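Text of the file model.txt, holding compact mmCIF, C-alpha atoms:
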# COMPACT_ATOMS: atom_id res chain seq x y z
CA MET A 607 -10.54 54.43 -23.13
CA ALA A 608 -11.51 57.95 -24.16
CA ARG A 609 -13.91 58.06 -27.08
CA LYS A 610 -12.91 61.09 -29.05
CA SER A 611 -15.66 62.87 -30.91
CA PRO A 612 -15.25 63.45 -34.63
CA THR A 613 -13.63 66.82 -35.26
CA LYS A 614 -14.84 69.21 -37.94
CA ARG A 615 -12.70 69.67 -41.05
CA LYS A 616 -14.97 71.27 -43.61
CA PRO A 617 -18.77 71.45 -43.86
CA GLY A 618 -20.33 68.04 -44.21
CA ILE A 619 -17.01 66.25 -43.66
CA THR A 620 -15.68 64.99 -40.35
CA THR A 621 -12.78 62.77 -39.43
CA ILE A 622 -13.39 59.53 -37.66
CA GLN A 623 -11.24 56.68 -36.42
CA LEU A 624 -11.50 53.44 -38.38
CA ARG A 625 -12.57 51.65 -35.20
CA TRP A 626 -16.05 53.07 -35.72
CA LEU A 627 -16.32 51.86 -39.29
CA ALA A 628 -14.55 48.52 -39.49
CA HIS A 629 -13.40 45.30 -37.90
CA ALA A 630 -9.78 44.31 -38.27
CA ARG A 631 -7.93 41.03 -37.90
CA SER A 632 -4.28 40.34 -38.53
CA GLY A 633 -1.54 37.75 -38.54
CA ASP A 634 1.84 36.92 -40.03
CA LYS A 635 3.61 35.27 -42.92
CA GLY A 636 7.35 35.54 -42.48
CA ASP A 637 8.31 39.17 -41.91
CA THR A 638 5.01 40.40 -43.37
CA ALA A 639 1.96 41.27 -41.28
CA ASN A 640 -1.37 40.73 -42.97
CA VAL A 641 -4.23 43.01 -41.88
CA GLY A 642 -7.81 42.48 -42.93
CA LEU A 643 -10.11 45.51 -42.65
CA ILE A 644 -13.80 44.64 -42.87
CA ALA A 645 -16.53 47.29 -43.15
CA LEU A 646 -19.07 47.12 -40.31
CA GLU A 647 -21.80 48.18 -42.76
CA PRO A 648 -21.86 47.74 -46.56
CA GLU A 649 -22.28 51.51 -46.96
CA TYR A 650 -18.92 52.13 -45.24
CA PHE A 651 -17.01 50.02 -47.74
CA PRO A 652 -16.74 52.60 -50.58
CA VAL A 653 -15.45 55.13 -48.01
CA LEU A 654 -12.78 52.67 -46.89
CA VAL A 655 -11.79 51.90 -50.49
CA LYS A 656 -11.40 55.62 -51.21
CA GLN A 657 -9.67 56.71 -48.01
CA VAL A 658 -7.69 53.77 -46.70
CA THR A 659 -5.17 53.54 -49.51
CA ALA A 660 -1.88 51.63 -49.40
CA ALA A 661 -0.03 54.96 -49.33
CA ARG A 662 -2.06 56.24 -46.36
CA VAL A 663 -1.57 53.00 -44.46
CA GLN A 664 2.15 53.19 -45.13
CA ARG A 665 2.21 56.73 -43.74
CA HIS A 666 0.21 55.59 -40.70
CA PHE A 667 2.82 52.90 -40.00
CA LYS A 668 5.81 55.08 -40.90
CA GLY A 669 8.96 53.75 -39.25
CA MET A 670 7.21 50.48 -38.40
CA VAL A 671 6.90 48.85 -41.83
CA ARG A 672 8.95 48.88 -45.03
CA SER A 673 6.16 48.88 -47.62
CA VAL A 674 2.43 48.21 -47.97
CA ASP A 675 0.36 46.38 -50.58
CA ARG A 676 -3.43 46.57 -50.68
CA TYR A 677 -5.93 44.11 -52.09
CA VAL A 678 -9.65 44.91 -52.48
CA LEU A 679 -12.18 42.18 -51.70
CA PRO A 680 -15.57 43.67 -52.69
CA ASN A 681 -17.45 40.42 -52.10
CA LEU A 682 -16.49 40.67 -48.42
CA ASN A 683 -16.66 44.46 -48.08
CA ALA A 684 -13.06 44.12 -47.02
CA LEU A 685 -9.55 45.31 -47.74
CA ASN A 686 -6.44 43.24 -47.18
CA PHE A 687 -3.14 44.92 -46.42
CA LEU A 688 0.29 43.34 -46.48
CA LEU A 689 2.71 45.22 -44.24
CA HIS A 690 6.17 44.14 -45.36
CA GLY A 691 9.09 44.27 -42.95
CA ALA A 692 6.72 44.74 -40.01
CA LEU A 693 7.80 41.93 -37.69
CA ASP A 694 11.51 42.35 -36.88
CA GLY A 695 12.35 39.36 -39.07
CA GLY A 696 9.17 37.49 -38.22
CA GLY A 697 8.37 34.15 -36.67
CA THR A 698 10.90 32.68 -34.26
CA ILE A 699 13.61 35.20 -35.26
CA SER A 700 11.58 38.18 -34.07
CA LEU A 701 12.16 39.61 -30.60
CA LYS A 702 8.88 41.51 -30.63
CA THR A 703 6.01 40.83 -28.22
CA ASP A 704 3.79 40.85 -31.26
CA ALA A 705 6.03 38.63 -33.39
CA GLN A 706 2.93 37.24 -35.12
CA GLY A 707 1.51 40.67 -35.98
CA LYS A 708 -1.76 39.90 -34.22
CA VAL A 709 -2.34 43.45 -33.04
CA TYR A 710 -1.39 45.37 -36.16
CA SER A 711 -5.15 45.01 -36.65
CA THR A 712 -6.06 47.36 -33.83
CA ALA A 713 -3.10 49.60 -34.64
CA LEU A 714 -4.70 50.17 -38.05
CA LEU A 715 -8.03 50.99 -36.36
CA ARG A 716 -6.31 54.02 -34.79
CA MET A 717 -6.12 55.67 -38.21
CA SER A 718 -8.51 58.60 -38.77
CA ILE A 719 -10.07 59.27 -42.15
CA PRO A 720 -12.34 62.03 -43.49
CA VAL A 721 -15.91 60.84 -44.05
CA PRO A 722 -19.30 62.40 -44.82
CA ALA A 723 -20.84 63.58 -41.53
CA GLY A 724 -23.75 61.14 -41.90
CA VAL A 725 -21.39 58.19 -41.99
CA ALA A 726 -19.47 59.42 -38.94
CA LYS A 727 -22.69 59.89 -36.99
CA LYS A 728 -23.99 56.46 -37.84
CA GLY A 729 -20.60 54.87 -37.13
CA GLN A 730 -20.34 56.39 -33.67
CA SER A 731 -23.93 55.67 -32.69
CA GLU A 732 -23.27 51.95 -33.06
CA MET B 337 4.71 24.78 -57.50
CA LEU B 338 4.83 23.08 -54.14
CA LYS B 339 5.07 24.63 -50.73
CA VAL B 340 8.19 23.81 -48.79
CA SER B 341 8.66 24.56 -45.10
CA ILE B 342 12.29 24.90 -44.21
CA ALA B 343 13.50 25.17 -40.62
CA TYR B 344 17.08 26.17 -39.96
CA PHE B 345 19.36 27.10 -37.10
CA TYR B 346 19.64 30.85 -36.65
CA GLY B 347 21.62 31.50 -33.49
CA TYR B 348 20.40 32.36 -30.00
CA LYS B 349 18.07 34.77 -28.27
CA ALA B 350 16.95 35.73 -24.80
CA VAL B 351 14.33 38.13 -23.49
CA GLY B 352 14.58 39.80 -20.10
CA THR B 353 11.81 41.68 -18.35
CA LEU B 354 11.50 43.94 -15.32
CA VAL B 355 8.43 45.77 -14.07
CA TYR B 356 8.59 49.38 -12.82
CA SER B 357 5.77 50.84 -10.74
CA TRP B 358 4.10 54.22 -10.46
CA PRO B 359 5.09 57.04 -10.31
CA GLU B 360 6.92 57.78 -13.59
CA ALA B 361 7.02 54.06 -14.36
CA TYR B 362 7.77 54.67 -18.03
CA ASP B 363 10.68 57.03 -17.33
CA LYS B 364 12.17 54.52 -14.90
CA ALA B 365 11.89 51.73 -17.43
CA LYS B 366 13.49 53.95 -20.07
CA ALA B 367 16.36 54.81 -17.74
CA ALA B 368 16.89 51.11 -17.00
CA ASP B 369 17.02 50.39 -20.72
CA ARG B 370 19.67 53.10 -21.21
CA ILE B 371 21.77 51.72 -18.38
CA LEU B 372 21.51 48.15 -19.64
CA ARG B 373 22.41 49.08 -23.22
CA GLN B 374 25.43 51.05 -22.04
CA ARG B 375 26.49 48.10 -19.93
CA LEU B 376 26.21 45.70 -22.88
CA LYS B 377 28.26 48.12 -24.93
CA ASP B 378 30.92 48.47 -22.23
CA LEU B 379 31.18 44.68 -22.04
CA GLY B 380 31.96 44.70 -25.77
CA LEU B 381 29.15 42.28 -26.56
CA SER B 382 27.97 42.14 -30.12
CA PHE B 383 24.40 41.32 -31.08
CA GLU B 384 22.59 41.06 -34.35
CA GLN B 385 19.58 42.74 -32.74
CA ILE B 386 18.66 44.39 -29.45
CA LEU B 387 14.98 45.24 -29.15
CA THR B 388 13.45 47.20 -26.30
CA GLU B 389 9.71 47.38 -25.71
CA PHE B 390 7.83 49.09 -22.92
CA VAL B 391 4.82 46.93 -22.18
CA GLY B 392 2.05 49.24 -21.04
CA ALA B 393 3.33 52.02 -23.29
CA ASP B 394 4.40 50.96 -26.76
CA ALA B 395 4.79 47.18 -27.10
CA THR B 396 1.74 46.58 -29.26
CA HIS B 397 1.23 49.81 -31.22
CA GLY B 398 4.64 51.47 -31.14
CA ARG B 399 4.62 55.23 -31.58
CA LEU B 400 0.94 55.11 -32.62
CA ALA B 401 0.08 54.66 -28.94
CA GLY B 402 1.20 58.24 -28.26
CA PRO B 403 3.15 59.46 -25.24
CA ALA B 404 3.08 57.23 -22.18
CA SER B 405 1.20 58.55 -19.16
CA PRO B 406 3.41 59.51 -16.19
CA ASP B 407 0.60 58.03 -14.07
CA ALA B 408 0.66 54.56 -15.63
CA PRO B 409 0.38 52.10 -12.72
CA GLU B 410 3.26 50.06 -14.10
CA VAL B 411 5.40 49.60 -17.18
CA GLN B 412 7.29 46.47 -18.06
CA LEU B 413 10.71 46.85 -19.59
CA ARG B 414 11.11 44.02 -22.08
CA ILE B 415 14.47 43.76 -23.74
CA GLY B 416 15.44 41.02 -26.15
CA VAL B 417 18.77 40.21 -27.79
CA ARG B 418 19.71 37.91 -30.64
CA ALA B 419 23.15 36.79 -31.81
CA ARG B 420 24.69 34.05 -33.93
CA GLU B 421 26.95 33.11 -31.00
CA LYS B 422 25.70 31.84 -27.68
CA ALA B 423 28.24 33.63 -25.44
CA PRO B 424 26.96 37.24 -25.75
CA VAL B 425 23.36 36.12 -25.25
CA ASP B 426 24.33 34.15 -22.17
CA ARG B 427 26.23 37.17 -20.79
CA PHE B 428 23.16 39.36 -21.39
CA THR B 429 21.01 37.11 -19.20
CA ARG B 430 23.35 37.91 -16.27
CA GLU B 431 22.92 41.67 -16.65
CA ILE B 432 19.25 41.88 -15.63
CA ALA B 433 19.65 41.16 -11.92
CA PRO B 434 22.29 43.89 -11.38
CA LEU B 435 19.78 46.43 -12.70
CA VAL B 436 17.49 45.58 -9.81
CA LEU B 437 20.15 46.66 -7.34
CA THR B 438 21.80 49.51 -9.18
CA GLY B 439 19.08 50.83 -11.48
CA PRO B 440 15.90 52.85 -10.99
CA PRO B 441 13.85 52.04 -7.86
CA SER B 442 10.39 50.48 -7.46
CA VAL B 443 11.30 47.56 -9.68
CA THR B 444 9.84 44.08 -9.41
CA GLY B 445 8.94 41.04 -11.48
CA PHE B 446 12.32 39.33 -11.33
CA ALA B 447 11.47 36.38 -9.06
CA GLY B 448 11.61 34.01 -12.04
CA GLY B 449 15.37 34.39 -12.12
CA ARG B 450 17.68 34.77 -15.06
CA PRO B 451 16.16 34.76 -18.57
CA GLN B 452 16.64 31.54 -20.54
CA VAL B 453 18.87 31.42 -23.59
CA GLU B 454 16.86 29.95 -26.45
CA GLU B 455 18.07 28.45 -29.69
CA VAL B 456 16.44 30.18 -32.64
CA VAL B 457 15.02 27.79 -35.21
CA ALA B 458 14.03 30.06 -38.05
CA TYR B 459 11.31 29.17 -40.49
CA TRP B 460 11.36 29.80 -44.21
CA PRO B 461 8.07 29.10 -45.95
CA ALA B 462 8.81 28.99 -49.68
CA LEU B 463 7.66 27.67 -53.01
CA ILE B 464 9.59 25.22 -55.12
CA ASP B 465 9.07 24.04 -58.67
CA ARG B 466 7.41 20.62 -58.71
CA LYS B 467 10.01 19.45 -61.21
CA GLU B 468 12.75 19.90 -58.61
CA ILE B 469 11.14 17.33 -56.34
CA GLU B 470 11.57 13.57 -56.59
CA PRO B 471 8.74 12.13 -54.50
CA GLY B 472 9.67 9.22 -52.27
CA VAL B 473 9.42 7.83 -48.74
CA LYS B 474 12.42 6.72 -46.77
CA VAL B 475 12.11 4.87 -43.49
CA GLU B 476 15.16 4.47 -41.33
CA ILE B 477 15.16 2.49 -38.10
CA LEU B 478 17.75 3.79 -35.70
CA LYS B 479 18.98 1.73 -32.77
CA ALA B 480 19.11 3.57 -29.46

Encoded form using structure tokens:
Amino acid sequence: MARKSPTKRKPGITTIQLRWLAHARSGDKGDTANVGLIALEPEYFPVLVKQVTAARVQRHFKGMVRSVDRYVLPNLNALNFLLHGALDGGGTISLKTDAQGKVYSTALLRMSIPVPAGVAKKGQSE
Amino acid sequence: MLKVSIAYFYGYKAVGTLVYSWPEAYDKAKAADRILRQRLKDLGLSFEQILTEFVGADATHGRLAGPASPDAPEVQLRIGVRAREKAPVDRFTREIAPLVLTGPPSVTGFAGGRPQVEEVVAYWPALIDRKEIEPGVKVEILKA
């Protein structure tokens, strides 16, 4: 897979894909996919809290989910997202390959966010 | 509150797959999907849901995966249907094989035969007020 370099936006700020800053794991409950986003380093967590909002995640998944809730778990440096209406009915009703929402995790890691250049550099060097 | 897990009958489903090879595997799979959907329409079959996925292009990440490469080595057409009645789902399972003969070329992956019609047992995880529940155990011995 091609590893795209961060692109310049304005001085000191670059955009970077979440894959360089976080782990993600996901699963299902009914027609809702549940995505956990866990900062790879404690210093990335405030950036995630600021940039990866419920509204941005909903835009990212436009046409794929009905609505998004976000929960902040500071003790884990993690965010938890509920993607409602993401699984074509969910469970045994769903006709999707990913009826259990297992790979909404990596789909979220495709999202790019603006970060301070230092963070982007550190994220990509790891 | 108590958790209650309710399973209930929710009709029938079947999933058919065909694999198209390079070159233009994705375009071939898309064409096959168009043909199949038109055929289902012409047969007057009614489904609650028809879902097409192109494995190798969009099955896991949808549109986020971006445009499919014309050089993809293969793409699997995966089309699923669901209906309350069994008959349209059963008819659907007979429409995959004809695509092999009359649809886009360089198609494979159909040696397993016709897709199976499955009963859908839907699951409803819910909460119920404790007060609504009378706890008890009932044992019934049934003779064969």

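For A:Arg716, the residues within 9 Å (counting all atoms listed in the file, excluding itself and residues fewer than 5 positions away along the chain) are Gln623, Leu624, Arg625 and His666 of chain A; Leu400 and Ala401 of chain B.
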
Can you write out the residues you just picked, keeping C-alpha atoms, as a short mmCIF file (atom, residue, chain, number, x, y, z; two decimals), keeping the file's coordinate frame?
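This went into part32.cif:
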data_model
loop_
_atom_site.label_atom_id
_atom_site.label_comp_id
_atom_site.auth_asym_id
_atom_site.auth_seq_id
_atom_site.Cartn_x
_atom_site.Cartn_y
_atom_site.Cartn_z
CA GLN A 623 -11.24 56.68 -36.42
CA LEU A 624 -11.50 53.44 -38.38
CA ARG A 625 -12.57 51.65 -35.20
CA HIS A 666 0.21 55.59 -40.70
CA LEU B 400 0.94 55.11 -32.62
CA ALA B 401 0.08 54.66 -28.94
#

Open item on the list: Counting only C-alpha atoms, which residue out of A:His629, A:Lys702, A:Arg662, A:Lys668 sits closest to A:Leu682?
Closed with: A:His629

Open item on the list: Please identify all residues of chain A having at least one atom at most 7 Å from any atom of chain B, considering all atoms listed in the file, and return them as a list of chain:residue names.
Closed with: A:Gly697, A:Thr698, A:Ile699, A:Leu701, A:Thr703, A:Asp704, A:Val709, A:Ala713

TODO: For atom CA of A:Pro617 and atom CA of A:Pro720, quote the distance in Å rounded to one decimal.
DONE: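 Computed distance, atom CA of A:Pro617 to atom CA of A:Pro720, equals 11.4 Å.
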
Task: Proximity to B:Tyr356 - best of B:Ala368, B:Ile342, B:Val443, B:Val425, all atoms listed in the file - done: B:Val443

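You will find atom CA of A:Arg631 at 14.6 Å from atom CA of A:Arg676.
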
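Atom to atom, atom CA of A:Tyr710 and atom CA of A:Val641 stand 6.8 Å apart.
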
Contacts of A:Arg672 at 9 Å or less, counting only C-alpha atoms, minus same-chain residues fewer than 3 places along, as a tab-separated table (two decimals) with C-alpha atoms, in the frame of the given file?
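What follows is the written file selection-v5.tsv:
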chain	number	residue	atom	x	y	z
A	664	GLN	CA	2.15	53.19	-45.13
A	667	PHE	CA	2.82	52.90	-40.00
A	668	LYS	CA	5.81	55.08	-40.90
A	669	GLY	CA	8.96	53.75	-39.25
A	689	LEU	CA	2.71	45.22	-44.24
A	690	HIS	CA	6.17	44.14	-45.36
A	691	GLY	CA	9.09	44.27	-42.95
A	692	ALA	CA	6.72	44.74	-40.01

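Minimum atom-to-atom distance to A:Gly696, evaluated using all atoms listed in the file, belongs to A:Lys708 out of A:Glu647, A:Thr659, A:Lys708, A:Ala684.
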
TODO: Counting all atoms listed in the file, figure out which residue out of B:Val340, B:Leu413, B:Ala447, B:Leu376 gets nearest to B:Asp363.
DONE: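 Closest to B:Asp363 of all the choices is B:Leu413.
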
TODO: Rank nothing, just name the residue among A:Ala628, A:Leu685, A:Ala661, A:Leu693 nearest to A:Glu649, using all atoms listed in the file.
DONE: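 Looking at the shortest contact to A:Glu649, the residue is A:Ala628.
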
Open item on the list: Restricting the calculation to all atoms listed in the file: of B:Ser357, B:Tyr362, B:Arg450, B:Gly380, which residue gets closest to B:Ile432?
Closed with: B:Arg450

Give me stretch 380-393 of chain B from this structure - all heavy atoms, as a compact mmCIF listing (two decimals), in the first residue's frame.
# COMPACT_ATOMS: atom_id res chain seq x y z
N GLY B 380 -40.11 -9.93 -12.15
CA GLY B 380 -41.13 -9.41 -11.26
C GLY B 380 -40.94 -9.85 -9.81
O GLY B 380 -41.90 -9.92 -9.04
N LEU B 381 -39.71 -10.17 -9.45
CA LEU B 381 -39.45 -10.62 -8.08
C LEU B 381 -39.35 -9.42 -7.15
O LEU B 381 -38.79 -8.39 -7.52
CB LEU B 381 -38.14 -11.42 -8.02
CG LEU B 381 -38.08 -12.63 -8.95
CD1 LEU B 381 -36.73 -13.30 -8.83
CD2 LEU B 381 -39.20 -13.62 -8.63
N SER B 382 -39.89 -9.60 -5.97
CA SER B 382 -39.82 -8.48 -5.03
C SER B 382 -39.02 -8.89 -3.79
O SER B 382 -39.25 -9.93 -3.19
CB SER B 382 -41.23 -7.99 -4.74
OG SER B 382 -41.52 -7.97 -3.39
N PHE B 383 -38.06 -8.03 -3.46
CA PHE B 383 -37.17 -8.27 -2.33
C PHE B 383 -37.23 -7.10 -1.36
O PHE B 383 -37.46 -5.96 -1.77
CB PHE B 383 -35.72 -8.43 -2.81
CG PHE B 383 -35.53 -9.59 -3.74
CD1 PHE B 383 -35.47 -9.40 -5.11
CD2 PHE B 383 -35.43 -10.88 -3.24
CE1 PHE B 383 -35.30 -10.47 -5.98
CE2 PHE B 383 -35.25 -11.96 -4.09
CZ PHE B 383 -35.18 -11.76 -5.46
N GLU B 384 -36.98 -7.40 -0.12
CA GLU B 384 -36.89 -6.34 0.88
C GLU B 384 -35.56 -5.60 0.71
O GLU B 384 -35.45 -4.40 0.96
CB GLU B 384 -36.98 -6.96 2.27
CG GLU B 384 -37.11 -5.97 3.38
CD GLU B 384 -37.26 -6.68 4.72
OE1 GLU B 384 -38.40 -7.00 5.08
OE2 GLU B 384 -36.25 -6.93 5.39
N GLN B 385 -34.54 -6.35 0.28
CA GLN B 385 -33.21 -5.76 0.12
C GLN B 385 -32.43 -6.53 -0.94
O GLN B 385 -32.48 -7.76 -0.98
CB GLN B 385 -32.49 -5.81 1.47
CG GLN B 385 -31.01 -5.53 1.44
CD GLN B 385 -30.68 -4.05 1.32
OE1 GLN B 385 -31.24 -3.35 0.48
NE2 GLN B 385 -29.77 -3.58 2.14
N ILE B 386 -31.74 -5.79 -1.80
CA ILE B 386 -30.75 -6.38 -2.70
C ILE B 386 -29.47 -5.60 -2.44
O ILE B 386 -29.45 -4.38 -2.56
CB ILE B 386 -31.11 -6.23 -4.20
CG1 ILE B 386 -32.49 -6.83 -4.48
CG2 ILE B 386 -30.06 -6.89 -5.08
CD1 ILE B 386 -32.95 -6.66 -5.93
N LEU B 387 -28.41 -6.29 -2.08
CA LEU B 387 -27.15 -5.60 -1.77
C LEU B 387 -26.03 -6.15 -2.64
O LEU B 387 -25.78 -7.35 -2.65
CB LEU B 387 -26.79 -5.77 -0.30
CG LEU B 387 -25.50 -5.05 0.12
CD1 LEU B 387 -25.75 -3.56 0.32
CD2 LEU B 387 -24.92 -5.64 1.39
N THR B 388 -25.39 -5.25 -3.38
CA THR B 388 -24.25 -5.67 -4.20
C THR B 388 -22.97 -5.14 -3.58
O THR B 388 -22.89 -3.97 -3.19
CB THR B 388 -24.36 -5.09 -5.62
OG1 THR B 388 -25.60 -5.52 -6.18
CG2 THR B 388 -23.21 -5.58 -6.49
N GLU B 389 -21.97 -6.01 -3.49
CA GLU B 389 -20.64 -5.59 -3.06
C GLU B 389 -19.64 -6.10 -4.09
O GLU B 389 -19.85 -7.16 -4.69
CB GLU B 389 -20.29 -6.16 -1.68
CG GLU B 389 -21.13 -5.58 -0.56
CD GLU B 389 -20.79 -6.19 0.80
OE1 GLU B 389 -20.43 -7.38 0.84
OE2 GLU B 389 -20.89 -5.50 1.79
N PHE B 390 -18.56 -5.35 -4.26
CA PHE B 390 -17.49 -5.78 -5.15
C PHE B 390 -16.27 -6.05 -4.29
O PHE B 390 -15.55 -5.12 -3.90
CB PHE B 390 -17.23 -4.73 -6.22
CG PHE B 390 -18.44 -4.46 -7.08
CD1 PHE B 390 -19.27 -3.38 -6.83
CD2 PHE B 390 -18.77 -5.33 -8.12
CE1 PHE B 390 -20.40 -3.16 -7.61
CE2 PHE B 390 -19.89 -5.11 -8.90
CZ PHE B 390 -20.71 -4.02 -8.64
N VAL B 391 -16.07 -7.34 -3.99
CA VAL B 391 -14.97 -7.71 -3.09
C VAL B 391 -13.66 -7.51 -3.86
O VAL B 391 -13.49 -8.04 -4.96
CB VAL B 391 -15.13 -9.17 -2.61
CG1 VAL B 391 -13.97 -9.55 -1.68
CG2 VAL B 391 -16.46 -9.36 -1.91
N GLY B 392 -12.77 -6.75 -3.28
CA GLY B 392 -11.55 -6.35 -3.99
C GLY B 392 -11.63 -4.90 -4.40
O GLY B 392 -10.63 -4.31 -4.83
N ALA B 393 -12.82 -4.31 -4.25
CA ALA B 393 -12.99 -2.90 -4.60
C ALA B 393 -13.64 -2.10 -3.47
O ALA B 393 -13.08 -1.09 -3.03
CB ALA B 393 -13.81 -2.76 -5.88
